[in-house]
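Participant: One file is attached below, query_1.pdb, containing PDB, C-alpha atoms and all ligand atoms.
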```pdb
ATOM      1  CA  MET A  14      79.280 -19.864 158.767
ATOM      2  CA  ARG A  15      78.130 -21.160 162.136
ATOM      3  CA  ARG A  16      74.390 -21.261 162.721
ATOM      4  CA  ILE A  17      73.435 -21.379 166.388
ATOM      5  CA  ALA A  18      69.894 -21.524 167.804
ATOM      6  CA  VAL A  19      69.435 -20.309 171.376
ATOM      7  CA  VAL A  20      66.707 -22.601 172.675
ATOM      8  CA  ASN A  21      64.981 -23.560 175.906
ATOM      9  CA  GLN A  22      61.207 -23.846 176.089
ATOM     10  CA  LYS A  23      61.346 -22.680 179.680
ATOM     11  CA  GLY A  24      60.604 -18.965 179.838
ATOM     12  CA  GLY A  25      62.879 -16.316 181.270
ATOM     13  CA  VAL A  26      66.094 -18.360 181.438
ATOM     14  CA  GLY A  27      68.267 -15.828 179.606
ATOM     15  CA  LYS A  28      67.858 -16.840 175.946
ATOM     16  CA  THR A  29      67.414 -13.320 174.627
ATOM     17  CA  THR A  30      69.992 -11.772 176.955
ATOM     18  CA  THR A  31      72.435 -14.378 175.680
ATOM     19  CA  ALA A  32      71.476 -13.999 172.012
ATOM     20  CA  ILE A  33      71.974 -10.217 172.140
ATOM     21  CA  ASN A  34      75.129 -10.085 174.222
ATOM     22  CA  LEU A  35      76.883 -13.093 172.738
ATOM     23  CA  SER A  36      76.182 -11.644 169.276
ATOM     24  CA  ALA A  37      77.598  -8.285 170.363
ATOM     25  CA  ALA A  38      80.660  -9.865 171.963
ATOM     26  CA  LEU A  39      81.371 -11.869 168.796
ATOM     27  CA  ALA A  40      80.949  -8.685 166.750
ATOM     28  CA  VAL A  41      83.398  -6.846 169.003
ATOM     29  CA  ALA A  42      85.856  -9.646 168.187
ATOM     30  CA  GLU A  43      85.304  -8.607 164.532
ATOM     31  CA  LYS A  44      83.218 -11.636 163.659
ATOM     32  CA  ARG A  45      80.410 -10.805 161.248
ATOM     33  CA  VAL A  46      77.181 -11.731 163.025
ATOM     34  CA  LEU A  47      73.536 -11.901 161.990
ATOM     35  CA  LEU A  48      71.044 -12.089 164.841
ATOM     36  CA  ILE A  49      67.618 -13.403 163.815
ATOM     37  CA  ASP A  50      64.766 -12.661 166.198
ATOM     38  CA  VAL A  51      62.466 -15.685 165.979
ATOM     39  CA  ASP A  52      60.180 -14.654 168.857
ATOM     40  CA  ALA A  53      56.977 -12.644 168.516
ATOM     41  CA  GLN A  54      57.827 -10.943 171.820
ATOM     42  CA  ALA A  55      60.592  -9.255 169.785
ATOM     43  CA  ASN A  56      62.773  -8.776 172.863
ATOM     44  CA  ALA A  57      66.017  -9.187 170.919
ATOM     45  CA  THR A  58      64.807  -6.540 168.478
ATOM     46  CA  SER A  59      63.820  -3.965 171.084
ATOM     47  CA  GLY A  60      66.844  -4.852 173.224
ATOM     48  CA  LEU A  61      69.041  -3.610 170.389
ATOM     49  CA  GLY A  62      67.102  -0.377 170.242
ATOM     50  CA  ILE A  63      65.198  -1.243 167.076
ATOM     51  CA  ASP A  64      61.631  -0.054 166.804
ATOM     52  CA  ASN A  65      59.634  -3.054 165.619
ATOM     53  CA  ARG A  66      56.517  -1.018 164.958
ATOM     54  CA  GLU A  67      58.120   0.570 161.935
ATOM     55  CA  PRO A  68      56.836  -1.030 158.748
ATOM     56  CA  LYS A  69      60.102  -2.753 157.886
ATOM     57  CA  LEU A  70      60.528  -6.361 156.849
ATOM     58  CA  SER A  71      60.859  -8.854 159.675
ATOM     59  CA  THR A  72      61.324 -12.550 160.360
ATOM     60  CA  TYR A  73      57.665 -13.024 159.462
ATOM     61  CA  GLU A  74      58.251 -11.994 155.850
ATOM     62  CA  ILE A  75      61.252 -14.289 155.406
ATOM     63  CA  PHE A  76      59.185 -17.246 156.641
ATOM     64  CA  MET A  77      56.544 -16.366 154.071
ATOM     65  CA  ASP A  78      58.958 -15.525 151.246
ATOM     66  CA  PRO A  79      62.576 -16.711 151.516
ATOM     67  CA  GLU A  80      63.541 -14.474 148.608
ATOM     68  CA  ARG A  81      63.220 -11.432 150.859
ATOM     69  CA  THR A  82      65.901 -12.333 153.405
ATOM     70  CA  ARG A  83      68.545  -9.902 152.210
ATOM     71  CA  GLU A  84      65.996  -7.133 152.120
ATOM     72  CA  ALA A  85      64.981  -7.907 155.717
ATOM     73  CA  VAL A  86      68.504  -7.550 157.126
ATOM     74  CA  GLN A  87      69.119  -4.312 159.032
ATOM     75  CA  GLY A  88      72.316  -2.912 160.413
ATOM     76  CA  THR A  89      72.538  -2.100 164.126
ATOM     77  CA  SER A  90      74.512   0.460 166.103
ATOM     78  CA  VAL A  91      77.083  -2.290 166.706
ATOM     79  CA  LYS A  92      79.712  -2.658 163.982
ATOM     80  CA  TYR A  93      79.699  -6.147 162.401
ATOM     81  CA  LEU A  94      76.274  -6.934 163.898
ATOM     82  CA  ASP A  95      73.162  -7.129 161.712
ATOM     83  CA  ILE A  96      69.672  -8.207 162.676
ATOM     84  CA  ILE A  97      66.500  -9.521 161.132
ATOM     85  CA  PRO A  98      63.956  -8.084 163.556
ATOM     86  CA  ALA A  99      60.762  -9.732 164.767
ATOM     87  CA  SER A 100      57.294  -8.298 164.744
ATOM     88  CA  LEU A 101      54.034  -9.291 166.355
ATOM     89  CA  ASP A 102      52.912 -10.965 163.101
ATOM     90  CA  LEU A 103      55.057 -13.920 164.099
ATOM     91  CA  ALA A 104      52.480 -14.835 166.739
ATOM     92  CA  GLY A 105      50.054 -15.920 164.024
ATOM     93  CA  LEU A 106      52.547 -17.921 162.000
ATOM     94  CA  GLU A 107      51.807 -21.289 163.604
ATOM     95  CA  ILE A 108      48.235 -21.163 162.343
ATOM     96  CA  GLU A 109      49.053 -19.595 159.002
ATOM     97  CA  LEU A 110      51.509 -22.373 158.181
ATOM     98  CA  ILE A 111      49.346 -25.206 159.450
ATOM     99  CA  ASP A 112      48.661 -26.765 156.045
ATOM    100  CA  SER A 113      51.720 -25.613 154.179
ATOM    101  CA  GLU A 114      54.456 -27.949 153.024
ATOM    102  CA  ALA A 115      57.917 -28.030 154.587
ATOM    103  CA  ARG A 116      56.688 -25.716 157.282
ATOM    104  CA  GLU A 117      59.542 -26.637 159.637
ATOM    105  CA  ALA A 118      62.155 -25.763 157.017
ATOM    106  CA  ARG A 119      61.061 -22.233 156.148
ATOM    107  CA  LEU A 120      63.806 -20.472 158.067
ATOM    108  CA  LYS A 121      66.443 -22.862 156.789
ATOM    109  CA  ARG A 122      65.411 -22.042 153.232
ATOM    110  CA  ALA A 123      65.338 -18.353 153.963
ATOM    111  CA  ILE A 124      68.944 -18.219 155.188
ATOM    112  CA  GLU A 125      70.409 -20.695 152.705
ATOM    113  CA  GLY A 126      71.841 -18.057 150.395
ATOM    114  CA  LEU A 127      73.540 -16.061 153.176
ATOM    115  CA  ASP A 128      77.258 -16.615 153.244
ATOM    116  CA  SER A 129      78.681 -13.308 154.349
ATOM    117  CA  TYR A 130      78.434 -13.995 158.097
ATOM    118  CA  ASP A 131      80.699 -15.848 160.489
ATOM    119  CA  TYR A 132      77.801 -16.522 162.864
ATOM    120  CA  VAL A 133      74.035 -16.581 162.581
ATOM    121  CA  ILE A 134      72.448 -16.512 166.038
ATOM    122  CA  MET A 135      68.726 -17.289 166.339
ATOM    123  CA  ASP A 136      66.748 -16.249 169.417
ATOM    124  CA  ALA A 137      63.878 -18.723 169.943
ATOM    125  CA  PRO A 138      60.646 -18.237 171.917
ATOM    126  CA  PRO A 139      59.745 -20.145 175.104
ATOM    127  CA  SER A 140      57.936 -23.034 173.408
ATOM    128  CA  LEU A 141      58.708 -26.019 171.223
ATOM    129  CA  GLY A 142      56.287 -24.883 168.520
ATOM    130  CA  ILE A 143      56.818 -24.177 164.864
ATOM    131  CA  LEU A 144      59.112 -21.179 165.360
ATOM    132  CA  THR A 145      61.531 -23.085 167.584
ATOM    133  CA  LEU A 146      61.399 -26.089 165.243
ATOM    134  CA  ASN A 147      62.349 -23.821 162.365
ATOM    135  CA  ALA A 148      65.314 -22.502 164.352
ATOM    136  CA  LEU A 149      66.384 -26.092 165.132
ATOM    137  CA  VAL A 150      66.126 -27.128 161.492
ATOM    138  CA  ALA A 151      68.055 -24.067 160.314
ATOM    139  CA  ALA A 152      70.816 -24.491 162.918
ATOM    140  CA  GLU A 153      73.946 -26.591 163.109
ATOM    141  CA  GLY A 154      74.178 -26.229 166.847
ATOM    142  CA  VAL A 155      71.934 -25.479 169.814
ATOM    143  CA  LEU A 156      72.959 -23.249 172.683
ATOM    144  CA  ILE A 157      70.848 -24.058 175.741
ATOM    145  CA  PRO A 158      70.785 -21.466 178.533
ATOM    146  CA  VAL A 159      69.930 -23.055 181.881
ATOM    147  CA  GLN A 160      69.098 -20.895 184.847
ATOM    148  CA  CYS A 161      70.839 -21.787 188.113
ATOM    149  CA  GLU A 162      67.734 -22.422 190.200
ATOM    150  CA  TYR A 163      65.423 -25.198 191.367
ATOM    151  CA  TYR A 164      63.509 -26.968 188.601
ATOM    152  CA  SER A 165      65.953 -25.760 185.966
ATOM    153  CA  LEU A 166      66.335 -29.301 184.647
ATOM    154  CA  GLU A 167      62.594 -29.759 184.571
ATOM    155  CA  GLY A 168      61.558 -29.901 180.933
ATOM    156  CA  ILE A 169      65.102 -30.548 179.745
ATOM    157  CA  SER A 170      64.247 -34.138 178.820
ATOM    158  CA  LYS A 171      61.406 -32.811 176.669
ATOM    159  CA  LEU A 172      63.919 -30.548 174.970
ATOM    160  CA  THR A 173      66.401 -33.379 174.371
ATOM    161  CA  ASP A 174      63.531 -35.547 173.006
ATOM    162  CA  THR A 175      62.722 -32.748 170.577
ATOM    163  CA  LEU A 176      66.370 -32.470 169.519
ATOM    164  CA  ASN A 177      66.394 -36.223 168.877
ATOM    165  CA  ARG A 178      63.236 -36.049 166.792
ATOM    166  CA  VAL A 179      64.657 -33.198 164.718
ATOM    167  CA  ARG A 180      67.854 -35.233 164.177
ATOM    168  CA  GLN A 181      65.881 -38.286 163.054
ATOM    169  CA  SER A 182      63.895 -36.373 160.498
ATOM    170  CA  LEU A 183      64.802 -32.889 159.376
ATOM    171  CA  ASN A 184      68.321 -32.107 160.556
ATOM    172  CA  PRO A 185      70.514 -35.173 161.205
ATOM    173  CA  GLY A 186      73.621 -33.060 161.882
ATOM    174  CA  LEU A 187      72.120 -30.995 164.711
ATOM    175  CA  GLU A 188      74.417 -30.860 167.729
ATOM    176  CA  ILE A 189      74.291 -29.409 171.187
ATOM    177  CA  PHE A 190      76.827 -26.633 170.689
ATOM    178  CA  GLY A 191      76.876 -25.792 174.366
ATOM    179  CA  VAL A 192      74.923 -25.450 177.583
ATOM    180  CA  LEU A 193      75.212 -22.117 179.385
ATOM    181  CA  LEU A 194      74.582 -21.631 183.086
ATOM    182  CA  THR A 195      72.861 -18.278 183.593
ATOM    183  CA  MET A 196      71.915 -16.037 186.518
ATOM    184  CA  TYR A 197      74.534 -17.707 188.636
ATOM    185  CA  ASP A 198      74.728 -16.370 192.187
ATOM    186  CA  PRO A 199      77.926 -17.545 193.877
ATOM    187  CA  ARG A 200      76.536 -16.681 197.321
ATOM    188  CA  THR A 201      74.053 -19.540 197.268
ATOM    189  CA  ASN A 202      74.806 -23.236 197.661
ATOM    190  CA  LEU A 203      71.828 -23.892 195.466
ATOM    191  CA  ALA A 204      73.493 -22.329 192.431
ATOM    192  CA  ASP A 205      76.488 -24.617 192.827
ATOM    193  CA  GLN A 206      74.287 -27.668 193.291
ATOM    194  CA  VAL A 207      72.347 -26.863 190.141
ATOM    195  CA  ALA A 208      75.545 -26.163 188.215
ATOM    196  CA  GLU A 209      76.929 -29.541 189.288
ATOM    197  CA  GLU A 210      73.731 -31.331 188.327
ATOM    198  CA  VAL A 211      73.671 -29.654 184.909
ATOM    199  CA  ARG A 212      77.331 -30.532 184.312
ATOM    200  CA  LYS A 213      76.541 -34.152 185.149
ATOM    201  CA  TYR A 214      73.518 -34.255 182.842
ATOM    202  CA  PHE A 215      75.248 -32.609 179.871
ATOM    203  CA  SER A 216      78.715 -34.013 180.451
ATOM    204  CA  GLY A 217      81.323 -32.082 178.499
ATOM    205  CA  LYS A 218      78.825 -29.738 176.851
ATOM    206  CA  VAL A 219      78.594 -27.064 179.530
ATOM    207  CA  PHE A 220      80.565 -23.855 178.961
ATOM    208  CA  VAL A 221      83.189 -23.076 181.593
ATOM    209  CA  THR A 222      81.886 -19.498 181.585
ATOM    210  CA  MET A 223      78.855 -18.969 183.795
ATOM    211  CA  ILE A 224      76.760 -15.827 183.447
ATOM    212  CA  PRO A 225      76.365 -14.204 186.876
ATOM    213  CA  ARG A 226      73.151 -12.675 188.075
ATOM    214  CA  ASN A 227      73.892  -9.024 187.333
ATOM    215  CA  VAL A 228      71.379  -6.196 187.408
ATOM    216  CA  ARG A 229      73.242  -4.320 184.650
ATOM    217  CA  LEU A 230      72.276  -7.143 182.257
ATOM    218  CA  ALA A 231      68.623  -6.595 183.114
ATOM    219  CA  GLU A 232      68.898  -2.805 182.742
ATOM    220  CA  ALA A 233      70.680  -2.636 179.376
ATOM    221  CA  PRO A 234      67.731  -3.609 177.113
ATOM    222  CA  SER A 235      65.573  -0.761 178.345
ATOM    223  CA  PHE A 236      68.223   1.575 176.920
ATOM    224  CA  GLY A 237      68.292  -0.420 173.677
ATOM    225  CA  GLN A 238      71.918  -1.262 174.356
ATOM    226  CA  THR A 239      73.979  -4.406 174.621
ATOM    227  CA  ILE A 240      75.779  -4.897 177.920
ATOM    228  CA  LEU A 241      79.099  -4.120 176.225
ATOM    229  CA  HIS A 242      77.877  -0.649 175.339
ATOM    230  CA  TYR A 243      75.817  -0.079 178.463
ATOM    231  CA  ASP A 244      78.482  -1.040 181.012
ATOM    232  CA  ILE A 245      81.603  -2.738 179.705
ATOM    233  CA  ASN A 246      83.042  -3.026 183.214
ATOM    234  CA  SER A 247      80.091  -4.931 184.626
ATOM    235  CA  ARG A 248      80.477  -8.582 185.543
ATOM    236  CA  GLY A 249      77.794  -9.373 182.989
ATOM    237  CA  ALA A 250      79.768  -7.766 180.160
ATOM    238  CA  GLN A 251      82.950  -9.547 181.160
ATOM    239  CA  ALA A 252      81.104 -12.880 181.276
ATOM    240  CA  TYR A 253      79.670 -12.484 177.777
ATOM    241  CA  LEU A 254      83.121 -11.524 176.445
ATOM    242  CA  GLU A 255      84.512 -14.703 177.998
ATOM    243  CA  LEU A 256      81.655 -16.718 176.539
ATOM    244  CA  ALA A 257      82.409 -15.317 173.084
ATOM    245  CA  SER A 258      86.040 -16.455 173.315
ATOM    246  CA  GLU A 259      84.858 -19.901 174.352
ATOM    247  CA  VAL A 260      82.421 -19.974 171.429
ATOM    248  CA  ILE A 261      85.166 -18.911 169.015
ATOM    249  CA  SER A 262      87.538 -21.542 170.373
ATOM    250  CA  ARG A 263      84.910 -24.273 169.955
ATOM    251  CA  GLY A 264      85.262 -23.490 166.248
TER
HETATM  252  P1  LIG A 301      61.603 -15.664 177.203
HETATM  253  O1  LIG A 301      61.471 -17.124 177.470
HETATM  254  O2  LIG A 301      60.436 -14.860 177.661
HETATM  255  O3  LIG A 301      62.003 -15.369 175.802
HETATM  256  P2  LIG A 301      64.359 -15.454 177.874
HETATM  257  O4  LIG A 301      64.718 -16.881 178.102
HETATM  258  O5  LIG A 301      64.711 -14.866 176.564
HETATM  259  O6  LIG A 301      62.826 -15.195 178.159
HETATM  260  P3  LIG A 301      65.579 -13.140 179.043
HETATM  261  O7  LIG A 301      64.541 -12.259 178.434
HETATM  262  O8  LIG A 301      66.937 -13.100 178.472
HETATM  263  O9  LIG A 301      65.055 -14.636 179.055
HETATM  264  O10 LIG A 301      65.712 -12.903 180.604
HETATM  265  C1  LIG A 301      64.563 -12.893 181.443
HETATM  266  C2  LIG A 301      64.670 -11.707 182.403
HETATM  267  O11 LIG A 301      65.813 -11.874 183.242
HETATM  268  C3  LIG A 301      64.883 -10.381 181.707
HETATM  269  O12 LIG A 301      64.244  -9.380 182.443
HETATM  270  C4  LIG A 301      66.383 -10.196 181.727
HETATM  271  O13 LIG A 301      66.753  -8.835 181.689
HETATM  272  C5  LIG A 301      66.753 -10.829 183.048
HETATM  273  N1  LIG A 301      68.085 -11.434 183.018
HETATM  274  C6  LIG A 301      68.579 -12.294 182.096
HETATM  275  N2  LIG A 301      69.818 -12.700 182.408
HETATM  276  C7  LIG A 301      70.142 -12.070 183.578
HETATM  277  C8  LIG A 301      71.286 -12.081 184.426
HETATM  278  N3  LIG A 301      72.370 -12.819 184.148
HETATM  279  N4  LIG A 301      71.262 -11.313 185.542
HETATM  280  C9  LIG A 301      70.165 -10.578 185.838
HETATM  281  N5  LIG A 301      69.062 -10.526 185.089
HETATM  282  C10 LIG A 301      69.025 -11.268 183.967
HETATM  283 MG    MG A 302      63.450 -14.279 174.965
END
```
Please lay out the structure from this file as structure tokens.
Ligand code: ATP
Ligand code: MG

Facilitator:
Amino acid sequence: MRRIAVVNQKGGVGKTTTAINLSAALAVAEKRVLLIDVDAQANATSGLGIDNREPKLSTYEIFMDPERTREAVQGTSVKYLDIIPASLDLAGLEIELIDSEAREARLKRAIEGLDSYDYVIMDAPPSLGILTLNALVAAEGVLIPVQCEYYSLEGISKLTDTLNRVRQSLNPGLEIFGVLLTMYDPRTNLADQVAEEVRKYFSGKVFVTMIPRNVRLAEAPSFGQTILHYDINSRGAQAYLELASEVISRG
């Protein structure tokens, strides 16, 4: 089982779009995938058409009680893809856990007993707080989406510092699984400059696949659909299918 956290504390870089559509593309390749929504915004949950106002169990409950993980898993309309949805309760977790022991290892504990998946994909919020730390401690690898625009590398050194700290203490085996260039617009020189800079910074870690800027990717979540179901012929869908093959071939 591969456990991958999709992390970048910068907001709006394509974490959730990637978590949803990479999960779906892996599921289409008949890999069994569990997507865990670790963000109180619950965008991965609603993007898959799941109503997070229903009183079902969510990521919040598995942080509080790791025994409830199996109960919190829901199927989705995509075969081979399950989800643990998020709810607004997650927003209060930082404070609720402030004095509790092993508070960075809650999620790790919660998913320890799961062995029936090929991939567990965790969608992190735009911060380096307790929720993201839990995703980093529970993961084997980090997938870092980087948007192809000015300032995209701003804050990346803070992220790599955090990864180093997590390695030194709670999760020595944590690796950068891959860096993904998102919202790439081939018509601009800027996008190519940023891509080059990112490839230099993360030598060897950057996926060959780049996710193009594609309006279909932005539309799909409002229909509660992955891009593969919303518009399989779109450039966005094709890019996420290519990314999934790259992920599978990285083992
Ligand atoms: P947050 O930090 O708030 O969690 P995020 O990193 O998860 O954000 P997304 O929610 O995936 O980012 O994307 C931000 C916005 O950009 C969304 O409206 C999304 O639909 C849109 N978007 C993401 N990727 C693309 C793309 N390749 N082309 C066009 N629009 C995109
Ligand atoms: Mg998000």

Participant: So which residues are near ligand LIG 301 (chain A), meaning at most 9 Å away with all atoms listed in the file counted, given back as number ranges by chain?

Facilitator: A: 19-33, 52, 54-57, 136-140, 158-160, 195-197, 223-235, 249

Participant: Going by the chain IDs and residue numbers used in this file, which residues fall under the PyMOL selection byres (((chain A and resi 212) around 12) and not hetatm)? Write them as a VMD selection string.

Facilitator: chain A and resid 159 161 166 191 to 194 205 to 211 213 to 221 223

Participant: Check the smallest atom-to-atom distance from each of A:Ala53, A:Val41, A:Leu70, A:Ile17 to Phe190 of chain A using all atoms listed in the file, then report the winner.

Facilitator: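 That would be A:Ile17, the residue with the smallest distance to Phe190 of chain A.
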
Participant: At a cut-off of 10 Å, using all atoms listed in the file, what residues contact Ile245 of chain A? Leave out same-chain residues fewer than 5 positions from it and give the result as a VMD selection string.

Facilitator: chain A and resid 229 239 to 240 250 to 251 254

Participant: Output C-alpha atoms for every residue in that selection, as a PDB file, keeping the file's coordinate frame.

Facilitator:
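Dumped to out06.pdb:
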```pdb
ATOM      1  CA  ARG A 229      73.242  -4.320 184.650  1.00  0.00           C
ATOM      2  CA  THR A 239      73.979  -4.406 174.621  1.00  0.00           C
ATOM      3  CA  ILE A 240      75.779  -4.897 177.920  1.00  0.00           C
ATOM      4  CA  ALA A 250      79.768  -7.766 180.160  1.00  0.00           C
ATOM      5  CA  GLN A 251      82.950  -9.547 181.160  1.00  0.00           C
ATOM      6  CA  LEU A 254      83.121 -11.524 176.445  1.00  0.00           C
TER       7      LEU A 254
END
```

Participant: Listed atoms of segment 69-83 of chain A, axis-aligned box, 4 Å per side: centre and edge lengths to one decimal in Å, as AutoDock Vina command-line options?

Facilitator:
```
--center_x 62.5 --center_y -10.0 --center_z 154.5 --size_x 20.0 --size_y 22.5 --size_z 19.8
```

Participant: Only C-alpha atoms needed: put segment 110-135 of chain A from the block into a file as a PDB file, in the first residue's frame.

Facilitator:
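Result went into part36.pdb, see below:
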```pdb
ATOM      1  CA  LEU A 110      -5.696  18.363  20.205  1.00  0.00           C
ATOM      2  CA  ILE A 111      -3.460  21.019  21.709  1.00  0.00           C
ATOM      3  CA  ASP A 112      -2.644  19.116  24.903  1.00  0.00           C
ATOM      4  CA  SER A 113      -3.109  15.584  23.689  1.00  0.00           C
ATOM      5  CA  GLU A 114      -0.264  13.130  23.283  1.00  0.00           C
ATOM      6  CA  ALA A 115       1.021  11.979  19.900  1.00  0.00           C
ATOM      7  CA  ARG A 116      -1.159  14.564  18.259  1.00  0.00           C
ATOM      8  CA  GLU A 117       0.857  14.484  15.024  1.00  0.00           C
ATOM      9  CA  ALA A 118       0.424  10.721  14.698  1.00  0.00           C
ATOM     10  CA  ARG A 119      -3.356  10.468  14.952  1.00  0.00           C
ATOM     11  CA  LEU A 120      -3.974   9.880  11.265  1.00  0.00           C
ATOM     12  CA  LYS A 121      -1.123   7.407  11.026  1.00  0.00           C
ATOM     13  CA  ARG A 122      -2.681   5.393  13.837  1.00  0.00           C
ATOM     14  CA  ALA A 123      -6.100   5.624  12.285  1.00  0.00           C
ATOM     15  CA  ILE A 124      -5.022   4.105   8.959  1.00  0.00           C
ATOM     16  CA  GLU A 125      -2.591   1.534  10.347  1.00  0.00           C
ATOM     17  CA  GLY A 126      -4.995  -1.382  10.092  1.00  0.00           C
ATOM     18  CA  LEU A 127      -6.019  -0.659   6.481  1.00  0.00           C
ATOM     19  CA  ASP A 128      -4.414  -3.039   4.054  1.00  0.00           C
ATOM     20  CA  SER A 129      -6.989  -3.495   1.344  1.00  0.00           C
ATOM     21  CA  TYR A 130      -5.898  -0.498  -0.757  1.00  0.00           C
ATOM     22  CA  ASP A 131      -3.164  -0.066  -3.330  1.00  0.00           C
ATOM     23  CA  TYR A 132      -3.036   3.687  -2.707  1.00  0.00           C
ATOM     24  CA  VAL A 133      -4.102   5.999   0.081  1.00  0.00           C
ATOM     25  CA  ILE A 134      -4.153   9.604  -1.136  1.00  0.00           C
ATOM     26  CA  MET A 135      -4.447  12.387   1.455  1.00  0.00           C
TER      27      MET A 135
END
```
